[in-house]
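Asker: This is the content of target-v3.cif (mmCIF, C-alpha atoms):
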data_my_file
loop_
_atom_site.label_atom_id
_atom_site.label_comp_id
_atom_site.auth_asym_id
_atom_site.auth_seq_id
_atom_site.Cartn_x
_atom_site.Cartn_y
_atom_site.Cartn_z
CA MET T 1 -21.14 25.40 0.10
CA SER T 2 -23.46 28.31 0.48
CA ILE T 3 -23.38 30.65 3.41
CA SER T 4 -26.65 30.87 5.30
CA LEU T 5 -27.04 34.38 6.61
CA ASP T 6 -29.87 33.25 8.86
CA LYS T 7 -27.66 30.68 10.54
CA LEU T 8 -24.78 33.10 10.80
CA LEU T 9 -26.79 35.82 12.50
CA GLY T 10 -28.91 33.46 14.61
CA ASN T 11 -31.22 35.10 17.12
CA LEU T 12 -29.51 38.46 17.12
CA PRO T 13 -31.70 40.37 14.61
CA ARG T 14 -34.79 39.16 16.44
CA ASN T 15 -33.33 40.31 19.75
CA LEU T 16 -32.70 43.73 18.26
CA GLN T 17 -36.31 43.94 17.18
CA VAL T 18 -37.59 42.97 20.61
CA TYR T 19 -35.31 45.52 22.26
CA SER T 20 -36.50 48.27 19.96
CA GLN T 21 -40.14 47.37 20.61
CA ARG T 22 -39.43 47.42 24.31
CA SER T 23 -37.80 50.82 24.02
CA GLU T 24 -41.04 52.10 22.48
CA LEU T 25 -43.03 50.83 25.42
CA LEU T 26 -40.60 52.30 27.95
CA ALA T 27 -40.64 55.62 26.10
CA SER T 28 -44.43 55.69 26.27
CA ASN T 29 -44.27 54.92 29.99
CA LEU T 30 -41.84 57.78 30.50
CA ALA T 31 -43.93 60.11 28.35
CA ASN T 32 -46.97 59.39 30.49
CA SER T 33 -45.23 59.70 33.84
CA ASP T 34 -47.63 62.52 34.77
CA THR T 35 -50.81 61.26 33.13
CA PRO T 36 -53.54 60.47 35.66
CA GLY T 37 -54.67 56.86 35.54
CA PHE T 38 -51.95 55.66 33.17
CA LYS T 39 -50.72 52.12 33.84
CA ALA T 40 -47.07 51.37 33.07
CA LYS T 41 -46.48 48.42 30.74
CA ASP T 42 -43.58 46.24 29.84
CA ILE T 43 -42.82 43.05 27.98
CA ASP T 44 -41.16 39.96 29.40
CA PHE T 45 -38.11 39.38 27.25
CA ARG T 46 -37.76 35.77 28.37
CA THR T 47 -41.23 34.73 27.18
CA VAL T 48 -40.84 36.63 23.93
CA LEU T 49 -37.56 34.89 23.23
CA ALA T 50 -38.99 31.52 24.26
CA SER T 51 -41.85 31.93 21.80
CA ALA T 52 -39.43 32.82 19.01
CA GLY T 53 -39.99 30.61 16.01
CA ASP T 54 -43.55 29.80 17.03
CA GLU T 55 -45.00 32.06 14.39
CA LEU T 56 -46.76 30.54 11.45
CA GLU T 57 -44.50 29.93 8.52
CA MET T 58 -45.70 30.73 5.04
CA LYS T 59 -46.66 27.57 3.26
CA ALA T 60 -44.46 26.74 0.31
CA THR T 61 -46.39 24.50 -2.06
CA ARG T 62 -44.08 24.79 -5.03
CA SER T 63 -40.38 24.75 -5.37
CA GLY T 64 -40.25 28.42 -6.37
CA HIS T 65 -42.11 29.66 -3.28
CA LEU T 66 -40.24 31.42 -0.56
CA GLY T 67 -40.77 30.47 3.05
CA GLY T 68 -40.28 32.76 6.00
CA PRO T 69 -42.47 34.06 8.77
CA SER T 70 -45.85 35.46 7.78
CA SER T 71 -45.19 38.85 9.25
CA ASN T 72 -42.14 40.72 10.36
CA ALA T 73 -43.62 41.96 13.59
CA ILE T 74 -42.85 39.91 16.64
CA LYS T 75 -45.83 39.09 18.79
CA THR T 76 -45.12 40.60 22.13
CA GLU T 77 -47.47 40.24 25.02
CA THR T 78 -47.48 43.39 27.10
CA LEU T 79 -47.99 43.12 30.81
CA TYR T 80 -48.80 45.77 33.37
CA ARG T 81 -46.00 46.64 35.73
CA VAL T 82 -46.61 46.04 39.43
CA PRO T 83 -46.28 49.50 41.01
CA VAL T 84 -43.80 49.96 43.82
CA GLN T 85 -45.41 53.13 45.06
CA PRO T 86 -48.84 53.77 43.51
CA SER T 87 -49.90 57.39 43.40
CA LEU T 88 -53.27 58.88 44.27
CA ASP T 89 -54.20 59.68 40.67
CA GLY T 90 -53.94 56.03 39.60
CA ASN T 91 -50.69 56.44 37.71
CA THR T 92 -48.30 53.50 38.11
CA VAL T 93 -45.28 54.96 36.30
CA ASP T 94 -42.16 55.31 38.41
CA SER T 95 -40.01 57.47 36.17
CA GLN T 96 -36.75 56.54 37.91
CA ILE T 97 -37.39 52.83 37.37
CA GLU T 98 -38.44 53.45 33.77
CA ARG T 99 -35.29 55.46 33.10
CA GLY T 100 -33.18 52.67 34.54
CA GLU T 101 -34.96 50.09 32.43
CA PHE T 102 -34.63 52.26 29.33
CA THR T 103 -30.89 52.67 29.84
CA GLN T 104 -30.48 48.96 30.46
CA ASN T 105 -32.46 48.19 27.33
CA ALA T 106 -30.30 50.57 25.30
CA ILE T 107 -27.11 48.94 26.56
CA ARG T 108 -28.45 45.50 25.72
CA TYR T 109 -29.38 46.73 22.26
CA GLN T 110 -25.90 48.08 21.80
CA SER T 111 -24.23 44.88 22.99
CA THR T 112 -26.39 42.84 20.62
CA LEU T 113 -25.31 45.20 17.85
CA THR T 114 -21.68 44.60 18.78
CA PHE T 115 -22.12 40.83 18.58
CA LEU T 116 -23.90 41.19 15.25
CA ASN T 117 -21.10 43.37 13.95
CA GLY T 118 -18.55 40.81 15.09
CA ARG T 119 -20.24 38.09 13.10
CA ILE T 120 -20.47 40.25 10.01
CA GLN T 121 -16.81 41.19 10.33
CA GLY T 122 -15.95 37.50 10.60
CA LEU T 123 -17.89 36.77 7.47
CA LYS T 124 -16.21 39.62 5.64
CA LEU T 125 -12.83 38.33 6.71
CA ALA T 126 -13.72 34.88 5.40
CA ILE T 127 -14.90 36.31 2.08
CA ARG T 128 -11.84 38.43 1.56
CA GLY T 129 -9.50 35.72 2.75
CA GLU T 130 -6.77 38.19 3.54
CA MET I 1 -37.61 50.90 12.11
CA SER I 2 -39.59 51.28 15.27
CA PHE I 3 -37.31 53.83 16.90
CA PHE I 4 -39.12 56.45 14.87
CA LYS I 5 -42.13 55.93 17.10
CA VAL I 6 -39.99 56.66 20.14
CA PHE I 7 -39.29 60.10 18.68
CA ASP I 8 -43.01 60.73 18.27
CA ILE I 9 -43.81 59.59 21.79
CA ALA I 10 -41.00 61.48 23.51
CA GLY I 11 -41.75 64.52 21.34
CA SER I 12 -45.38 64.56 22.41
CA ALA I 13 -44.28 64.32 26.03
CA MET I 14 -41.84 67.19 25.59
CA ASN I 15 -44.61 69.27 24.09
CA ALA I 16 -46.94 68.49 27.01
CA GLN I 17 -44.28 69.25 29.62
CA ASN I 18 -43.49 72.47 27.81
CA ILE I 19 -47.12 73.53 28.10
CA ARG I 20 -46.99 72.64 31.78
CA LEU I 21 -43.92 74.83 32.22
CA ASN I 22 -45.68 77.66 30.40
CA VAL I 23 -48.72 77.39 32.63
CA THR I 24 -46.50 77.37 35.71
CA ALA I 25 -44.75 80.48 34.44
CA SER I 26 -48.10 82.16 33.93
CA ASN I 27 -49.18 81.23 37.46
CA LEU I 28 -45.95 82.54 38.96
CA ALA I 29 -46.11 85.73 36.91
CA ASN I 30 -49.66 86.40 38.03
CA ALA I 31 -49.18 85.48 41.67
CA GLN I 32 -49.55 89.13 42.65
CA SER I 33 -52.23 90.17 40.15
CA VAL I 34 -54.89 91.34 42.53
CA GLY I 35 -58.46 91.95 41.38
CA GLY I 36 -61.62 93.69 42.49
CA SER I 37 -63.90 90.66 42.51
CA GLU I 38 -63.86 86.89 42.71
CA GLU I 39 -64.47 86.48 38.95
CA THR I 40 -62.05 89.02 37.55
CA THR I 41 -59.10 87.86 39.66
CA TYR I 42 -56.58 85.43 38.19
CA HIS I 43 -57.08 81.79 39.23
CA ALA I 44 -54.17 79.32 39.23
CA ARG I 45 -54.29 77.08 36.16
CA HIS I 46 -53.20 73.48 35.94
CA PRO I 47 -52.90 71.31 32.83
CA VAL I 48 -54.41 67.81 32.83
CA PHE I 49 -52.53 65.23 30.77
CA SER I 50 -54.09 62.30 28.99
CA ALA I 51 -52.61 59.42 27.04
CA VAL I 52 -53.14 59.56 23.28
CA MET I 53 -54.72 56.23 22.44
CA LYS I 54 -54.41 56.48 18.71
CA SER I 55 -50.83 56.03 17.67
CA LEU I 56 -49.43 56.96 14.32
CA GLN I 57 -48.84 53.48 12.98
CA GLY I 58 -51.84 51.67 14.40
CA ASP I 59 -50.09 49.99 17.30
CA PRO I 60 -52.51 50.32 20.23
CA GLU I 61 -49.91 49.41 22.86
CA VAL I 62 -47.90 52.56 22.56
CA PHE I 63 -49.06 55.90 23.81
CA GLY I 64 -48.08 59.50 23.37
CA VAL I 65 -49.35 62.18 25.69
CA LYS I 66 -51.25 65.41 25.22
CA VAL I 67 -52.64 68.17 27.33
CA ASN I 68 -56.32 67.37 27.62
CA GLN I 69 -57.44 70.59 29.28
CA VAL I 70 -56.19 73.40 31.45
CA LEU I 71 -58.26 73.62 34.60
CA GLU I 72 -58.64 76.68 36.79
CA SER I 73 -58.13 75.99 40.46
CA ASP I 74 -61.29 76.42 42.54
CA ALA I 75 -59.43 76.97 45.79
CA PRO I 76 -60.81 80.02 47.64
CA LEU I 77 -59.15 83.35 46.91
CA ASP I 78 -57.46 85.37 49.61
CA LYS I 79 -59.38 88.50 50.56
CA ARG I 80 -57.47 91.44 51.88
CA TYR I 81 -58.90 94.60 53.42
CA GLN I 82 -57.33 97.50 51.59
CA PRO I 83 -59.92 100.26 51.06
CA ASP I 84 -57.41 102.71 49.55
CA HIS I 85 -56.60 100.33 46.68
CA PRO I 86 -58.05 101.53 43.34
CA LEU I 87 -59.47 98.04 42.63
CA ALA I 88 -61.09 97.55 46.04
CA ASN I 89 -64.80 96.66 46.03
CA GLU I 90 -67.53 98.48 47.96
CA GLU I 91 -66.58 96.75 51.21
CA GLY I 92 -62.95 97.73 50.71
CA TYR I 93 -61.61 94.28 49.87
CA ILE I 94 -59.25 93.21 47.10
CA PHE I 95 -58.79 89.59 46.00
CA GLN I 96 -55.48 87.82 45.62
CA PRO I 97 -54.96 84.94 43.18
CA ASN I 98 -55.00 81.43 44.69
CA VAL I 99 -51.52 80.67 43.36
CA ASN I 100 -49.53 78.52 45.75
CA MET I 101 -45.88 79.46 45.18
CA VAL I 102 -44.52 76.28 46.76
CA ASP I 103 -46.77 74.09 44.60
CA GLU I 104 -45.76 75.98 41.51
CA MET I 105 -42.04 75.68 42.18
CA ALA I 106 -42.40 71.94 42.77
CA ASN I 107 -44.43 71.69 39.57
CA MET I 108 -41.77 73.56 37.66
CA ILE I 109 -38.99 71.25 38.83
CA SER I 110 -41.09 68.17 38.08
CA ALA I 111 -41.89 69.42 34.59
CA SER I 112 -38.30 70.26 33.76
CA ARG I 113 -37.06 66.88 35.02
CA ALA I 114 -39.68 65.07 32.94
CA TYR I 115 -38.67 67.15 29.92
CA GLN I 116 -35.02 66.27 30.47
CA SER I 117 -35.68 62.56 30.69
CA ASN I 118 -37.60 62.67 27.43
CA VAL I 119 -34.72 64.49 25.77
CA GLU I 120 -32.46 61.74 27.05
CA VAL I 121 -34.76 59.10 25.57
CA ILE I 122 -34.58 60.80 22.19
CA SER I 123 -30.82 61.17 22.20
CA THR I 124 -30.30 57.55 23.32
CA SER I 125 -32.65 56.31 20.59
CA LYS I 126 -30.84 58.41 18.04
CA GLN I 127 -27.50 56.93 19.05
CA LEU I 128 -28.93 53.42 18.79
CA MET I 129 -30.32 54.15 15.34
CA MET I 130 -27.03 55.54 14.14
CA ALA I 131 -25.22 52.49 15.52
CA THR I 132 -27.69 50.25 13.71
CA LEU I 133 -27.01 52.05 10.46
CA ARG I 134 -23.30 51.42 10.89
CA ILE I 135 -23.66 47.62 11.12
CA GLY I 136 -21.01 45.82 9.12
CA GLN I 137 -18.84 48.81 8.41
#
Would you give me this structure, written as structure tokens?
Answerer:
Amino acid sequence: MSISLDKLLGNLPRNLQVYSQRSELLASNLANSDTPGFKAKDIDFRTVLASAGDELEMKATRSGHLGGPSSNAIKTETLYRVPVQPSLDGNTVDSQIERGEFTQNAIRYQSTLTFLNGRIQGLKLAIRGE
Amino acid sequence: MSFFKVFDIAGSAMNAQNIRLNVTASNLANAQSVGGSEETTYHARHPVFSAVMKSLQGDPEVFGVKVNQVLESDAPLDKRYQPDHPLANEEGYIFQPNVNMVDEMANMISASRAYQSNVEVISTSKQLMMATLRIGQ
């Protein structure tokens, strides 16, 4: 019986990638909190996760070919945030909200990491058999 | 790993906010620099930020920030009648800079808060990266 790492880790590595992409977006929102005319953006985690696995797989025409998704990057559709309190200069970044979202995103990233670590520890325990 | 881009973005923002703080300091320092004419007197300066469209790794969704230009305020200068002042013009007036102290203080606080939140973004991202590197240990 071979151990499938993909099955063991499940969705978690993909989640990590989405969280890190989201942290980029939130950082750019925060960076532009004083830029006139800048529109805050975000991604909808639910739709990204729902579309997971929709990417085109590489075609394996011979037994030696490796499958796998065609690119590592996850297609994320960015949406504009609906401003709570738009400012006169056309900027829609609310830095307090962005900070909150960034912190939340970081905590989610960290909890996903913890789960991932748990699975790896379990695997190590099984391998060692102690 | 894409957290590296976060460092670039937050770094560019820190740089821009730093320039803003510098400009505010210059405005506050020159609030009392009177002059003999409208042109030679110090005018309050304000930086204008713009989003940097081109990102380092070709991802057009993510933006840094830069200071596009530093504009001089065109608010009217205060004229004061002080004929004994060495800089006074023929009519005996000296000009005071159009620096609004209250505006500048508010600007200073806003800039330092924005700087702080970008520092926080960097340190959080660094912690996440370090935690990622420790997976499975």
Asker: Dump as a Markdown table the rows for residues of chain T within 7 Å of chain I: closest atom pair and distance in Å with one decimal, only C-alpha atoms counted, ordered by chain and rising residue number.
Answerer:
| residue | atom | partner | partner_atom | distance |
| --- | --- | --- | --- | --- |
| T:Ser20 | CA | I:Ser2 | CA | 6.4 |
| T:Gln21 | CA | I:Ser2 | CA | 6.6 |
| T:Glu24 | CA | I:Val6 | CA | 5.2 |
| T:Leu25 | CA | I:Val62 | CA | 5.9 |
| T:Ala27 | CA | I:Val6 | CA | 6.1 |
| T:Ser28 | CA | I:Phe63 | CA | 5.2 |
| T:Ala31 | CA | I:Ala13 | CA | 4.8 |
| T:Asn32 | CA | I:Val65 | CA | 6.0 |
| T:Asp34 | CA | I:Phe49 | CA | 6.9 |
| T:Thr35 | CA | I:Phe49 | CA | 4.9 |
| T:Pro36 | CA | I:Phe49 | CA | 6.9 |
| T:Gln110 | CA | I:Leu128 | CA | 6.8 |
| T:Leu113 | CA | I:Thr132 | CA | 7.0 |
| T:Asn117 | CA | I:Gly136 | CA | 5.4 |
| T:Ile120 | CA | I:Gly136 | CA | 5.7 |
| T:Gln121 | CA | I:Gly136 | CA | 6.4 |
Asker: Could you take the residues named above and write them with C-alpha atoms, as a PDB file, keeping the file's coordinate frame?
Answerer:
ATOM      1  CA  SER T  20     -36.500  48.270  19.960  1.00  0.00           C
ATOM      2  CA  GLN T  21     -40.140  47.370  20.610  1.00  0.00           C
ATOM      3  CA  GLU T  24     -41.040  52.100  22.480  1.00  0.00           C
ATOM      4  CA  LEU T  25     -43.030  50.830  25.420  1.00  0.00           C
ATOM      5  CA  ALA T  27     -40.640  55.620  26.100  1.00  0.00           C
ATOM      6  CA  SER T  28     -44.430  55.690  26.270  1.00  0.00           C
ATOM      7  CA  ALA T  31     -43.930  60.110  28.350  1.00  0.00           C
ATOM      8  CA  ASN T  32     -46.970  59.390  30.490  1.00  0.00           C
ATOM      9  CA  ASP T  34     -47.630  62.520  34.770  1.00  0.00           C
ATOM     10  CA  THR T  35     -50.810  61.260  33.130  1.00  0.00           C
ATOM     11  CA  PRO T  36     -53.540  60.470  35.660  1.00  0.00           C
ATOM     12  CA  GLN T 110     -25.900  48.080  21.800  1.00  0.00           C
ATOM     13  CA  LEU T 113     -25.310  45.200  17.850  1.00  0.00           C
ATOM     14  CA  ASN T 117     -21.100  43.370  13.950  1.00  0.00           C
ATOM     15  CA  ILE T 120     -20.470  40.250  10.010  1.00  0.00           C
ATOM     16  CA  GLN T 121     -16.810  41.190  10.330  1.00  0.00           C
TER      17      GLN T 121
END
Asker: Just the number, please: distance in Å from CA of Val82 in chain T to CA of Phe45 in chain T, one decimal.
Answerer: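 Those two atoms sit 16.3 Å apart.
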Asker: Just the residues within 12 Å of Gln96 in chain T, please, counting all atoms listed in the file, with nothing from its chain fewer than 4 positions along; format it as a list of chain:residue names.
Answerer: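 Contacts, in chain order: T:Leu26, T:Asn29, T:Leu30, T:Ser33, T:Val84, T:Gln85, T:Thr92, T:Gly100, T:Glu101, T:Phe102, T:Thr103, I:Arg113, I:Ala114, I:Ser117.
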Asker: Can you work out which one of I:Ser73, I:Arg80, I:Thr40, I:Arg45 has the shortest atom-to-atom distance to Thr24 in chain I, counting only C-alpha atoms?
Answerer: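 Among the listed residues, I:Arg45 lies closest to Thr24 in chain I.
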Asker: CA of Ser4 in chain T to CA of Gly118 in chain T: how many Å, to one decimal?
Answerer: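 Distance between the two atoms: 16.1 Å.
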Asker: If we count only C-alpha atoms, what is near Gly37 in chain T at a cut-off of 6 Å, once residues fewer than 2 positions away on the same chain are taken out, given as a list of chain:residue names?
Answerer: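 Near neighbours after the sequence-gap exclusion: T:Asp89, T:Gly90, T:Asn91.
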Asker: Applying the PyMOL selection byres ((chain I and resi 100) around 12) to the file I just gave you, which residues come out? Please list them as an MDAnalysis selection string.
Answerer: chainID I and resid 24 27:32 43:46 73 75:78 96:99 101:107
Asker: Considering all atoms listed in the file, state which residue in the set T:Arg99, T:Glu130, T:Ser23, T:Asp44 is at the smallest distance from Lys126 in chain I.
Answerer: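 Nearest candidate to Lys126 in chain I out of T:Arg99, T:Glu130, T:Ser23, T:Asp44: T:Ser23.
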Asker: Any idea what the distance is between CA of Pro83 in chain T and CA of Phe38 in chain T?
Answerer: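 These two atoms are separated by 11.5 Å.
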